[in-house]
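Asker: I'd like to ask some things about the structure below.
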Amino acid sequence: PTVHTATAEDGSFLADMLVEAVNWSPQWKKKSRGRILADPTTGHYIAGWPQDTDLGVIAEASGIPAGAAWLRYRPASDPGYGFVSPDIPELTIGVAPQWRRRGIGRALLRAVAEQARHAGIRQISLSVERKNFAHRLYLSEGYQIVDSTGPQSDTMVKNLFV
C-alpha cells in the first residue's frame, strides 16, 4: 500500500473508516453511519475533522483508499474508550473489509506513529476488544496493555521514544 497524510478533504473517508472500526465484528448487527456519527461516544472521534492537533494517514491499495488511522486528543471531561490522559492522543484505525489481513493496518500503524514522532508526541493510546483480530497486531507493533479492567477490552499505549 501507499500511505499519505490525511487532509481536511479526507473527513468523509475517515468517517467511513470509523464506521468500519465500530462494526469490526461480522457477528454483530451493523450500526449505521448516521447512528455512529450521531452517538457522542463514537462521533467525537471524527467530529470537526481536522481539529488543530489532529493528525492522520490514509492507505491506498491499487489506487483506492483502503484504510485510515488518526490521532485525536480527548479531554478528561469527554474521554474516548482508550483514554489514558489528556496529553496522550487516542488512535482510531479502520480498514475496509476487502483489504483486511493484507498489511494495510500495520502500514497505517507505522505511518501514524512516525507522523506522531515528528510532531513530538511521546505516546499513543487505544482501546481494543480482546476478540478483535487487531489485538495481536497492536501487541506486535509495541503497544502494551495498561488497563485490562474492562470486561471485553484492553486499553493499550505505545511509547514512541524508547
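A note on labels: chains of the C-alpha cells are A, B, ... as shown, every chain counts residues from 1, and ligands are counted from 1 in their shown order.
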Enumerate, as a list in words, the complete set of residues in region 2-56 of chain A that a backbone-based DSSP assignment places in strand (DSSP E).

Answerer: Thr2, Val3, His4, Thr5, Leu55 and Gly56 of chain A

Asker: Skip Val162 (chain A) itself and residues of its chain fewer than 2 positions away, then list as number ranges by chain all residues within 12 Å of it, counting only C-alpha atoms.

Answerer: A: 117, 122-123, 142-143, 158-160

Asker: Which residue, A:Pro65, A:Gly120, A:Pro50, A:Pro151, has the smallest gap to Ile88 (chain A) when you use only C-alpha atoms?

Answerer: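 Of A:Pro65, A:Gly120, A:Pro50, A:Pro151, the one nearest Ile88 (chain A), counting only C-alpha atoms, is A:Gly120.
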
Asker: Please report, as a tab-separated table, each residue of region 26-89 of chain A lying at most 6 Å from region 95-110 of chain A, together with the nearest pair of atoms and the separation in Å rounded to one decimal; use only C-alpha atoms, and order rows by chain and ascending residue number.

Answerer:
residue	atom	partner	partner_atom	distance
A:Ala66	CA	A:Ala96	CA	5.5
A:Gly67	CA	A:Val95	CA	4.1
A:Ala69	CA	A:Leu108	CA	5.9

Asker: Do a neighbour search on Thr92 (chain A) at 7 Å with only C-alpha atoms, toss out local chain neighbours closer than 2 positions, and write the hits as a PDB file with C-alpha atoms, in the first residue's frame.

Answerer:
ATOM      1  CA  ALA A  69      -5.564   5.887  11.060  1.00  0.00           C
ATOM      2  CA  TRP A  70      -5.695   9.106  13.007  1.00  0.00           C
ATOM      3  CA  LEU A  71      -4.893  10.565  16.398  1.00  0.00           C
ATOM      4  CA  GLU A  90      -6.025   8.265  21.086  1.00  0.00           C
ATOM      5  CA  GLY A  94     -10.199   1.370  10.250  1.00  0.00           C
TER       6      GLY A  94
END
